[in-house]
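> Structure: work_6.cif, mmCIF, C-alpha atoms.
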```cif
data_input
#
loop_
_atom_site.label_atom_id
_atom_site.label_comp_id
_atom_site.auth_asym_id
_atom_site.auth_seq_id
_atom_site.Cartn_x
_atom_site.Cartn_y
_atom_site.Cartn_z
CA MET A 1 35.23 64.46 94.33
CA GLN A 2 37.00 63.43 97.55
CA ALA A 3 38.09 59.82 97.77
CA ASP A 4 39.69 57.82 100.57
CA GLU A 5 41.66 55.67 98.18
CA THR A 6 42.61 55.59 94.53
CA LEU A 7 42.85 52.52 92.34
CA ASP A 8 44.94 52.76 89.19
CA CYS A 9 43.34 50.73 86.39
CA PHE A 10 44.84 52.77 83.57
CA GLY A 11 45.22 50.60 80.47
CA LEU A 12 43.51 47.59 82.02
CA MET A 13 40.67 45.94 80.13
CA CYS A 14 37.47 44.27 81.25
CA PRO A 15 37.10 42.56 83.68
CA MET A 16 40.30 43.62 85.46
CA PRO A 17 39.07 47.03 86.70
CA ILE A 18 36.01 45.33 88.22
CA ILE A 19 38.02 42.53 89.81
CA LYS A 20 40.53 45.00 91.25
CA THR A 21 37.69 47.19 92.51
CA ALA A 22 36.11 44.21 94.27
CA GLN A 23 39.45 43.42 95.93
CA ALA A 24 40.03 47.03 96.97
CA VAL A 25 36.51 47.59 98.31
CA LYS A 26 36.79 44.41 100.38
CA LYS A 27 39.68 45.98 102.34
CA MET A 28 37.90 49.31 102.90
CA LYS A 29 35.55 50.44 105.67
CA ILE A 30 31.87 51.21 105.20
CA ASP A 31 31.19 54.71 103.81
CA GLN A 32 34.72 55.08 102.48
CA VAL A 33 34.97 56.16 98.85
CA LEU A 34 37.19 54.53 96.24
CA GLU A 35 38.29 56.41 93.15
CA ILE A 36 38.97 54.18 90.14
CA VAL A 37 41.00 55.63 87.29
CA ALA A 38 40.41 53.58 84.16
CA THR A 39 40.52 53.67 80.38
CA ASP A 40 38.26 50.72 79.54
CA LYS A 41 35.08 52.28 78.16
CA GLY A 42 32.97 49.38 79.39
CA ILE A 43 33.49 50.55 82.96
CA LYS A 44 30.76 53.16 82.49
CA GLN A 45 28.23 50.32 82.19
CA ASP A 46 30.08 47.77 84.30
CA MET A 47 30.63 49.71 87.52
CA PRO A 48 26.97 50.68 88.06
CA ALA A 49 26.08 47.02 87.34
CA TRP A 50 28.70 45.78 89.81
CA CYS A 51 27.50 48.23 92.44
CA LYS A 52 23.88 47.26 91.93
CA THR A 53 24.68 43.55 92.32
CA THR A 54 26.98 43.93 95.32
CA GLY A 55 24.91 46.56 97.12
CA ASN A 56 27.49 49.35 96.90
CA GLU A 57 26.93 52.85 95.56
CA CYS A 58 28.29 54.28 92.33
CA LEU A 59 28.53 58.00 93.17
CA ALA A 60 29.83 59.49 89.94
CA ILE A 61 31.46 58.72 86.62
CA GLU A 62 33.65 61.38 85.04
CA ASP A 63 34.91 60.84 81.51
CA SER A 64 37.60 63.35 80.61
CA GLY A 65 38.33 61.73 77.26
CA GLU A 66 41.80 60.72 78.48
CA ASP A 67 40.63 58.64 81.39
CA ILE A 68 37.44 57.71 83.18
CA LYS A 69 37.19 58.33 86.90
CA VAL A 70 34.60 56.35 88.81
CA TYR A 71 33.69 56.88 92.46
CA VAL A 72 32.33 54.01 94.50
CA ARG A 73 31.09 54.23 98.09
CA LYS A 74 31.31 51.07 100.13
CA ALA A 75 27.79 50.60 101.46
CA ARG A 76 27.97 47.14 103.01
CA ASP A 77 30.39 44.46 104.19
CA MET B 78 23.93 39.67 102.11
CA ALA B 79 21.51 36.74 102.23
CA GLU B 80 22.42 33.47 100.58
CA LYS B 81 24.87 33.95 97.76
CA GLU B 82 23.68 33.86 94.19
CA LYS B 83 25.21 31.03 92.21
CA PHE B 84 26.79 30.96 88.77
CA THR B 85 27.67 27.66 87.14
CA LEU B 86 29.27 26.99 83.79
CA VAL B 87 30.45 24.06 81.73
CA LEU B 88 33.62 24.49 79.75
CA PHE B 89 33.47 21.83 77.05
CA SER B 90 35.92 23.49 74.69
CA GLY B 91 39.69 23.40 75.00
CA ASP B 92 40.18 26.46 72.78
CA LEU B 93 42.14 29.38 74.16
CA ASP B 94 39.52 31.97 73.18
CA LYS B 95 36.61 30.07 74.68
CA ALA B 96 38.53 29.30 77.87
CA LEU B 97 39.27 32.99 78.16
CA ALA B 98 35.58 33.86 77.88
CA ALA B 99 34.77 31.27 80.56
CA PHE B 100 37.38 32.61 83.00
CA ILE B 101 36.46 36.25 82.39
CA LEU B 102 32.84 35.54 83.31
CA ALA B 103 33.70 33.23 86.21
CA THR B 104 36.11 35.68 87.89
CA THR B 105 33.77 38.62 87.29
CA ALA B 106 30.85 36.70 88.78
CA ALA B 107 32.97 35.91 91.84
CA SER B 108 33.90 39.59 92.16
CA MET B 109 30.17 40.38 92.09
CA GLY B 110 29.71 38.19 95.13
CA MET B 111 28.45 35.09 93.36
CA GLU B 112 29.41 31.55 94.25
CA VAL B 113 30.99 30.13 91.10
CA THR B 114 31.42 26.55 89.89
CA MET B 115 33.25 25.70 86.69
CA PHE B 116 32.73 22.20 85.36
CA PHE B 117 35.39 21.07 82.90
CA THR B 118 34.55 18.29 80.51
CA PHE B 119 36.03 16.67 77.41
CA TRP B 120 38.37 19.06 75.56
CA GLY B 121 37.79 21.60 78.32
CA LEU B 122 39.90 19.39 80.61
CA ASN B 123 42.95 20.53 78.61
CA VAL B 124 42.56 23.97 80.16
CA ILE B 125 43.19 22.75 83.71
CA LYS B 126 45.83 20.12 82.97
CA ARG B 127 49.14 20.96 84.61
CA ASN B 128 51.73 22.33 82.20
CA GLU B 129 54.74 20.37 83.48
CA GLY B 130 55.69 16.73 83.25
CA PRO B 131 54.13 13.83 81.39
CA ILE B 132 50.59 12.64 82.07
CA LYS B 133 50.62 8.97 82.94
CA SER B 134 47.71 6.97 81.68
CA LYS B 135 47.12 3.28 81.05
CA GLY B 136 46.85 1.54 77.70
CA ILE B 137 48.41 2.35 74.35
CA MET B 138 45.46 4.36 72.99
CA ARG B 139 45.16 6.58 76.04
CA LYS B 140 48.93 7.03 76.19
CA MET B 141 48.90 8.14 72.55
CA LEU B 142 45.93 10.42 73.12
CA ASN B 143 47.59 12.16 76.04
CA VAL B 144 50.73 12.78 74.01
CA LEU B 145 48.84 14.14 70.99
CA ASN B 146 46.30 15.94 73.16
CA ARG B 147 48.70 16.98 75.93
CA GLY B 148 46.84 20.13 76.96
CA GLY B 149 47.78 22.50 79.76
CA SER B 150 46.97 26.21 79.93
CA SER B 151 50.13 27.18 78.04
CA ARG B 152 49.37 24.86 75.09
CA LEU B 153 45.85 25.99 74.22
CA LYS B 154 45.17 27.18 70.69
CA LEU B 155 42.78 29.69 69.17
CA SER B 156 39.60 28.20 67.68
CA LYS B 157 40.22 30.24 64.52
CA PHE B 158 43.38 31.54 62.84
CA ASN B 159 45.71 29.27 64.74
CA MET B 160 47.85 29.14 61.55
CA LEU B 161 50.18 26.43 62.86
CA GLY B 162 50.52 28.29 66.12
CA MET B 163 51.40 31.67 64.63
CA GLY B 164 47.94 33.13 65.16
CA THR B 165 47.86 31.90 68.75
CA TRP B 166 51.35 33.32 69.35
CA MET B 167 50.25 36.68 67.99
CA MET B 168 47.09 36.71 70.10
CA LYS B 169 49.09 35.93 73.24
CA LYS B 170 51.49 38.74 72.31
CA LEU B 171 48.61 41.18 71.84
CA MET B 172 47.13 40.14 75.18
CA LYS B 173 50.46 40.66 76.90
CA GLU B 174 50.91 44.07 75.29
CA SER B 175 47.44 45.00 76.52
CA LYS B 176 48.48 43.89 80.03
CA TYR B 177 45.77 41.24 79.80
CA PRO B 178 46.05 38.21 82.09
CA SER B 179 46.95 34.84 80.57
CA ILE B 180 44.79 31.75 81.14
CA ASP B 181 47.34 30.72 83.76
CA GLU B 182 46.85 33.98 85.63
CA PHE B 183 43.08 33.60 85.37
CA ILE B 184 43.34 30.13 86.90
CA GLU B 185 45.36 31.59 89.79
CA MET B 186 42.76 34.34 90.22
CA ALA B 187 39.97 31.77 90.19
CA LYS B 188 41.71 29.83 92.98
CA GLU B 189 42.16 32.96 95.07
CA MET B 190 38.46 33.73 94.62
CA ASP B 191 37.45 30.25 95.80
CA ILE B 192 35.92 29.36 92.46
CA LYS B 193 35.22 25.64 92.36
CA MET B 194 36.85 23.95 89.37
CA ALA B 195 35.61 20.42 88.84
CA PRO B 196 36.96 17.96 86.26
CA CYS B 197 34.30 15.67 84.79
CA SER B 198 34.86 12.14 86.07
CA THR B 199 33.53 10.36 82.98
CA SER B 200 35.77 12.34 80.63
CA CYS B 201 38.72 11.67 82.93
CA GLY B 202 37.87 7.97 82.85
CA ILE B 203 37.53 7.71 79.08
CA LEU B 204 40.50 9.92 78.28
CA GLY B 205 42.62 8.23 80.97
CA LEU B 206 43.34 11.27 83.13
CA PRO B 207 44.44 10.63 86.73
CA ASP B 208 43.82 13.22 89.48
CA ASP B 209 47.44 14.35 89.26
CA ALA B 210 46.99 15.35 85.60
CA PHE B 211 45.52 18.63 86.79
CA THR B 212 46.92 21.81 88.18
CA ASP B 213 46.82 22.28 91.97
CA GLY B 214 43.66 23.71 93.44
CA VAL B 215 41.31 21.84 91.14
CA MET B 216 38.52 19.94 92.92
CA SER B 217 38.32 16.17 92.97
CA GLN B 218 36.54 14.68 89.95
CA ALA B 219 32.78 15.07 89.84
CA GLY B 220 29.90 13.84 87.73
CA ALA B 221 26.81 15.09 85.93
CA ALA B 222 24.72 15.01 89.11
CA PHE B 223 27.17 17.35 90.83
CA PHE B 224 26.92 19.80 87.94
CA LEU B 225 23.12 19.60 87.81
CA ALA B 226 22.81 20.05 91.57
CA GLN B 227 24.85 23.25 91.27
CA ALA B 228 23.09 24.35 88.08
CA ARG B 229 19.56 24.01 89.44
CA GLU B 230 20.47 26.34 92.29
CA SER B 231 22.08 28.85 89.92
CA LYS B 232 20.32 31.78 88.36
CA THR B 233 22.85 31.82 85.55
CA THR B 234 24.32 28.81 83.79
CA LEU B 235 26.43 28.63 80.65
CA PHE B 236 27.78 25.98 78.33
CA ILE B 237 30.93 27.09 76.54
#
```
Take the structure in this file and express it as structure tokens.

Amino acid sequence: MQADETLDCFGLMCPMPIIKTAQAVKKMKIDQVLEIVATDKGIKQDMPAWCKTTGNECLAIEDSGEDIKVYVRKARD
Amino acid sequence: MAEKEKFTLVLFSGDLDKALAAFILATTAASMGMEVTMFFTFWGLNVIKRNEGPIKSKGIMRKMLNVLNRGGSSRLKLSKFNMLGMGTWMMKKLMKESKYPSIDEFIEMAKEMDIKMAPCSTSCGILGLPDDAFTDGVMSQAGAAFFLAQARESKTTLFI
């Protein structure tokens, strides 16, 4: 999947990937896509929950076994 | 977004593990767009005491208390397996190895996220804690009514 920016959260544990995502998304423009590369398994539940609460869109979650890539589209300011 | 959702918690405990849980939830709530208030009371005040310098209080009992119960984010202990500080030291080491933020770093994050951190005025009065006992960025002391006013507007409240 194409992303406008990538956020490295490799090795970081909950809630750091979410907090860093919130900071990164804040700086982005509407409709831009952020790729988050993480290893914390909780992110598969957490990112959809974060997106639902903040009104953003969780486009895809890809778990390769080595890392988990999550794609978030900024849907609102 | 319409009016922000609110999240309010009381941190009563001064234990490292419980403080960690409180800050994890507070910072995550803020990152989810919620307006967060943390109310620190009794032993929980130890978490937001500044780490440097002595805490000046009046009267022999309060002076003694604030030496024995000095507090500060770097002096917190685990609620279990402290083992004269060894368990706490090991936990801090494990957190560092896992690149996990310390309580100090969580406090900094909370400030950057505009999380309100209020010390309980009654506890401060009884324990003899002046305003300058706390780390920078902490609100002025507040009472039970302040907490309840925040709590009744919050969808989520916690007592830790």
> Using all atoms listed in the file, which residues sit within 9 Å of Ile19 in chain A once same-chain residues fewer than 4 positions away are excluded, as an MDAnalysis selection string?
(chainID A and resid 14:15 23:24) or (chainID B and resid 104:105 107:109)
> Counting only C-alpha atoms, which of A:Ser64, A:Asn56, A:Thr6, A:Gln32 gets nearest to chain B?
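Comparing A:Ser64, A:Asn56, A:Thr6, A:Gln32 against chain B, the winner is A:Asn56.
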> With all atoms listed in the file as the basis for distance, which of A:Leu34, A:Ile68, A:Ala49, A:Leu7 is at the shortest distance from chain B?
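Of the candidates, the smallest distance to chain B is held by A:Ala49.
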> Any idea which chain B residues end up within 12 Å of chain A if we count only C-alpha atoms, as a VMD selection string please?
chain B and resid 78 to 79 81 to 82 97 to 111 172 to 178 182 to 183 186 to 187 189 to 190
> Taking the file as shown, what set of residues would the PyMOL selection byres ((chain A and resi 70) around 8) give back, as a ChimeraX atom specification?
/A:35-38,47,58-62,68-69,71-72
> Emit the selected residues as a CSV table (one decimal), in the coordinates of the input, including C-alpha atoms.

```csv
chain,number,residue,atom,x,y,z
A,35,GLU,CA,38.3,56.4,93.2
A,36,ILE,CA,39.0,54.2,90.1
A,37,VAL,CA,41.0,55.6,87.3
A,38,ALA,CA,40.4,53.6,84.2
A,47,MET,CA,30.6,49.7,87.5
A,58,CYS,CA,28.3,54.3,92.3
A,59,LEU,CA,28.5,58.0,93.2
A,60,ALA,CA,29.8,59.5,89.9
A,61,ILE,CA,31.5,58.7,86.6
A,62,GLU,CA,33.6,61.4,85.0
A,68,ILE,CA,37.4,57.7,83.2
A,69,LYS,CA,37.2,58.3,86.9
A,71,TYR,CA,33.7,56.9,92.5
A,72,VAL,CA,32.3,54.0,94.5
```
> Neighbouring residues of Gln227 in chain B were defined as those with any atom within 10 Å, considering all atoms listed in the file; residues of the same chain fewer than 2 positions away were excluded. Please report them as a PyMOL selection string.
chain B and resi 83-86+112-116+221-225+229-231+234
> Have a look at CA of Asp92 in chain B and CA of Phe10 in chain A and let me know their distance in Å, one decimal.
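Answer for the CA of Asp92 in chain B to CA of Phe10 in chain A separation: 28.8 Å.
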> As an exercise, work out the distance from CA of Ser90 in chain B to CA of Ile237 in chain B in Å and give it to one decimal place.
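About the pair CA of Ser90 in chain B and CA of Ile237 in chain B: they are 6.4 Å apart.
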> Between CA of Thr212 in chain B and CA of Leu88 in chain B, what is the spacing in Å?
16.0 Å
> Could you pull the residues within 8 Å of Gly91 in chain B, counting all atoms listed in the file, minus those fewer than 6 positions along the same chain, as a list in words?
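Non-adjacent residues within range: Trp120, Gly121, Leu122, Asn123, Val124, Leu153 and Lys154 of chain B.
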> Using C-alpha atoms, can you export the residues from the last selection as a short mmCIF file (atom, residue, chain, number, x, y, z; two decimals), in the coordinates of the input?

```
data_model
loop_
_atom_site.label_atom_id
_atom_site.label_comp_id
_atom_site.auth_asym_id
_atom_site.auth_seq_id
_atom_site.Cartn_x
_atom_site.Cartn_y
_atom_site.Cartn_z
CA TRP B 120 38.37 19.06 75.56
CA GLY B 121 37.79 21.60 78.32
CA LEU B 122 39.90 19.39 80.61
CA ASN B 123 42.95 20.53 78.61
CA VAL B 124 42.56 23.97 80.16
CA LEU B 153 45.85 25.99 74.22
CA LYS B 154 45.17 27.18 70.69
#
```
> Nearest residue to Ile43 in chain A out of A:Met1, A:Ile30, A:Ala75, A:Cys9, using only C-alpha atoms?
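For Ile43 in chain A, the nearest of the given residues is A:Cys9.
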> Between B:Asn143, B:Asn159, B:Ser150, B:Thr199, which residue has the minimum interatomic distance to Ile125 in chain B, considering only C-alpha atoms?
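Of B:Asn143, B:Asn159, B:Ser150, B:Thr199, the one nearest Ile125 in chain B, counting only C-alpha atoms, is B:Ser150.
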> Could I get range 128-151 of chain B rebuilt with N, CA, C and O atoms, written as a PDB file, keeping the file's coordinate frame?

```
ATOM      1  N   ASN B 128      50.880  22.092  83.378  1.00  0.00           N
ATOM      2  CA  ASN B 128      51.730  22.330  82.200  1.00  0.00           C
ATOM      3  C   ASN B 128      52.990  21.475  82.189  1.00  0.00           C
ATOM      4  O   ASN B 128      53.556  21.207  81.146  1.00  0.00           O
ATOM      5  N   GLU B 129      53.454  21.060  83.389  1.00  0.00           N
ATOM      6  CA  GLU B 129      54.740  20.370  83.480  1.00  0.00           C
ATOM      7  C   GLU B 129      54.562  18.852  83.561  1.00  0.00           C
ATOM      8  O   GLU B 129      53.557  18.366  84.081  1.00  0.00           O
ATOM      9  N   GLY B 130      55.592  18.177  83.075  1.00  0.00           N
ATOM     10  CA  GLY B 130      55.690  16.730  83.250  1.00  0.00           C
ATOM     11  C   GLY B 130      54.724  15.949  82.376  1.00  0.00           C
ATOM     12  O   GLY B 130      53.775  16.502  81.843  1.00  0.00           O
ATOM     13  N   PRO B 131      55.016  14.654  82.212  1.00  0.00           N
ATOM     14  CA  PRO B 131      54.130  13.830  81.390  1.00  0.00           C
ATOM     15  C   PRO B 131      52.868  13.440  82.160  1.00  0.00           C
ATOM     16  O   PRO B 131      52.867  13.446  83.389  1.00  0.00           O
ATOM     17  N   ILE B 132      51.812  13.136  81.440  1.00  0.00           N
ATOM     18  CA  ILE B 132      50.590  12.640  82.070  1.00  0.00           C
ATOM     19  C   ILE B 132      50.551  11.142  81.882  1.00  0.00           C
ATOM     20  O   ILE B 132      50.618  10.642  80.752  1.00  0.00           O
ATOM     21  N   LYS B 133      50.536  10.436  83.008  1.00  0.00           N
ATOM     22  CA  LYS B 133      50.620   8.970  82.940  1.00  0.00           C
ATOM     23  C   LYS B 133      49.228   8.371  82.868  1.00  0.00           C
ATOM     24  O   LYS B 133      48.419   8.543  83.759  1.00  0.00           O
ATOM     25  N   SER B 134      48.978   7.669  81.764  1.00  0.00           N
ATOM     26  CA  SER B 134      47.710   6.970  81.680  1.00  0.00           C
ATOM     27  C   SER B 134      47.955   5.545  81.193  1.00  0.00           C
ATOM     28  O   SER B 134      49.024   5.234  80.661  1.00  0.00           O
ATOM     29  N   LYS B 135      46.950   4.702  81.352  1.00  0.00           N
ATOM     30  CA  LYS B 135      47.120   3.280  81.050  1.00  0.00           C
ATOM     31  C   LYS B 135      46.628   2.930  79.659  1.00  0.00           C
ATOM     32  O   LYS B 135      45.619   3.481  79.204  1.00  0.00           O
ATOM     33  N   GLY B 136      47.286   2.013  79.013  1.00  0.00           N
ATOM     34  CA  GLY B 136      46.850   1.540  77.700  1.00  0.00           C
ATOM     35  C   GLY B 136      47.447   2.366  76.576  1.00  0.00           C
ATOM     36  O   GLY B 136      47.624   3.577  76.704  1.00  0.00           O
ATOM     37  N   ILE B 137      47.713   1.700  75.464  1.00  0.00           N
ATOM     38  CA  ILE B 137      48.410   2.350  74.350  1.00  0.00           C
ATOM     39  C   ILE B 137      47.603   3.504  73.750  1.00  0.00           C
ATOM     40  O   ILE B 137      48.134   4.569  73.438  1.00  0.00           O
ATOM     41  N   MET B 138      46.287   3.312  73.621  1.00  0.00           N
ATOM     42  CA  MET B 138      45.460   4.360  72.990  1.00  0.00           C
ATOM     43  C   MET B 138      45.398   5.614  73.845  1.00  0.00           C
ATOM     44  O   MET B 138      45.498   6.723  73.346  1.00  0.00           O
ATOM     45  N   ARG B 139      45.226   5.411  75.152  1.00  0.00           N
ATOM     46  CA  ARG B 139      45.160   6.580  76.040  1.00  0.00           C
ATOM     47  C   ARG B 139      46.519   7.256  76.140  1.00  0.00           C
ATOM     48  O   ARG B 139      46.603   8.487  76.217  1.00  0.00           O
ATOM     49  N   LYS B 140      47.576   6.452  76.142  1.00  0.00           N
ATOM     50  CA  LYS B 140      48.930   7.030  76.190  1.00  0.00           C
ATOM     51  C   LYS B 140      49.142   7.927  74.976  1.00  0.00           C
ATOM     52  O   LYS B 140      49.642   9.050  75.066  1.00  0.00           O
ATOM     53  N   MET B 141      48.745   7.383  73.793  1.00  0.00           N
ATOM     54  CA  MET B 141      48.900   8.140  72.550  1.00  0.00           C
ATOM     55  C   MET B 141      48.077   9.423  72.597  1.00  0.00           C
ATOM     56  O   MET B 141      48.554  10.499  72.250  1.00  0.00           O
ATOM     57  N   LEU B 142      46.836   9.262  73.041  1.00  0.00           N
ATOM     58  CA  LEU B 142      45.930  10.420  73.120  1.00  0.00           C
ATOM     59  C   LEU B 142      46.512  11.526  73.981  1.00  0.00           C
ATOM     60  O   LEU B 142      46.481  12.694  73.617  1.00  0.00           O
ATOM     61  N   ASN B 143      47.100  11.132  75.118  1.00  0.00           N
ATOM     62  CA  ASN B 143      47.590  12.160  76.040  1.00  0.00           C
ATOM     63  C   ASN B 143      48.948  12.730  75.640  1.00  0.00           C
ATOM     64  O   ASN B 143      49.419  13.692  76.244  1.00  0.00           O
ATOM     65  N   VAL B 144      49.545  12.141  74.608  1.00  0.00           N
ATOM     66  CA  VAL B 144      50.730  12.780  74.010  1.00  0.00           C
ATOM     67  C   VAL B 144      50.248  13.768  72.938  1.00  0.00           C
ATOM     68  O   VAL B 144      50.632  14.935  72.925  1.00  0.00           O
ATOM     69  N   LEU B 145      49.355  13.283  72.063  1.00  0.00           N
ATOM     70  CA  LEU B 145      48.840  14.140  70.990  1.00  0.00           C
ATOM     71  C   LEU B 145      47.979  15.277  71.528  1.00  0.00           C
ATOM     72  O   LEU B 145      47.984  16.381  71.013  1.00  0.00           O
ATOM     73  N   ASN B 146      47.230  14.965  72.569  1.00  0.00           N
ATOM     74  CA  ASN B 146      46.300  15.940  73.160  1.00  0.00           C
ATOM     75  C   ASN B 146      46.800  16.288  74.561  1.00  0.00           C
ATOM     76  O   ASN B 146      46.106  16.128  75.532  1.00  0.00           O
ATOM     77  N   ARG B 147      48.059  16.778  74.632  1.00  0.00           N
ATOM     78  CA  ARG B 147      48.700  16.980  75.930  1.00  0.00           C
ATOM     79  C   ARG B 147      47.974  18.009  76.803  1.00  0.00           C
ATOM     80  O   ARG B 147      47.787  17.834  77.982  1.00  0.00           O
ATOM     81  N   GLY B 148      47.565  19.110  76.202  1.00  0.00           N
ATOM     82  CA  GLY B 148      46.840  20.130  76.960  1.00  0.00           C
ATOM     83  C   GLY B 148      47.710  20.878  77.951  1.00  0.00           C
ATOM     84  O   GLY B 148      48.948  20.777  77.911  1.00  0.00           O
ATOM     85  N   GLY B 149      47.078  21.597  78.836  1.00  0.00           N
ATOM     86  CA  GLY B 149      47.780  22.500  79.760  1.00  0.00           C
ATOM     87  C   GLY B 149      47.519  23.926  79.304  1.00  0.00           C
ATOM     88  O   GLY B 149      47.448  24.183  78.099  1.00  0.00           O
ATOM     89  N   SER B 150      47.397  24.832  80.263  1.00  0.00           N
ATOM     90  CA  SER B 150      46.970  26.210  79.930  1.00  0.00           C
ATOM     91  C   SER B 150      47.903  26.886  78.930  1.00  0.00           C
ATOM     92  O   SER B 150      47.478  27.737  78.166  1.00  0.00           O
ATOM     93  N   SER B 151      49.192  26.498  78.937  1.00  0.00           N
ATOM     94  CA  SER B 151      50.130  27.180  78.040  1.00  0.00           C
ATOM     95  C   SER B 151      50.098  26.604  76.617  1.00  0.00           C
ATOM     96  O   SER B 151      50.708  27.163  75.711  1.00  0.00           O
TER      97      SER B 151
END
```
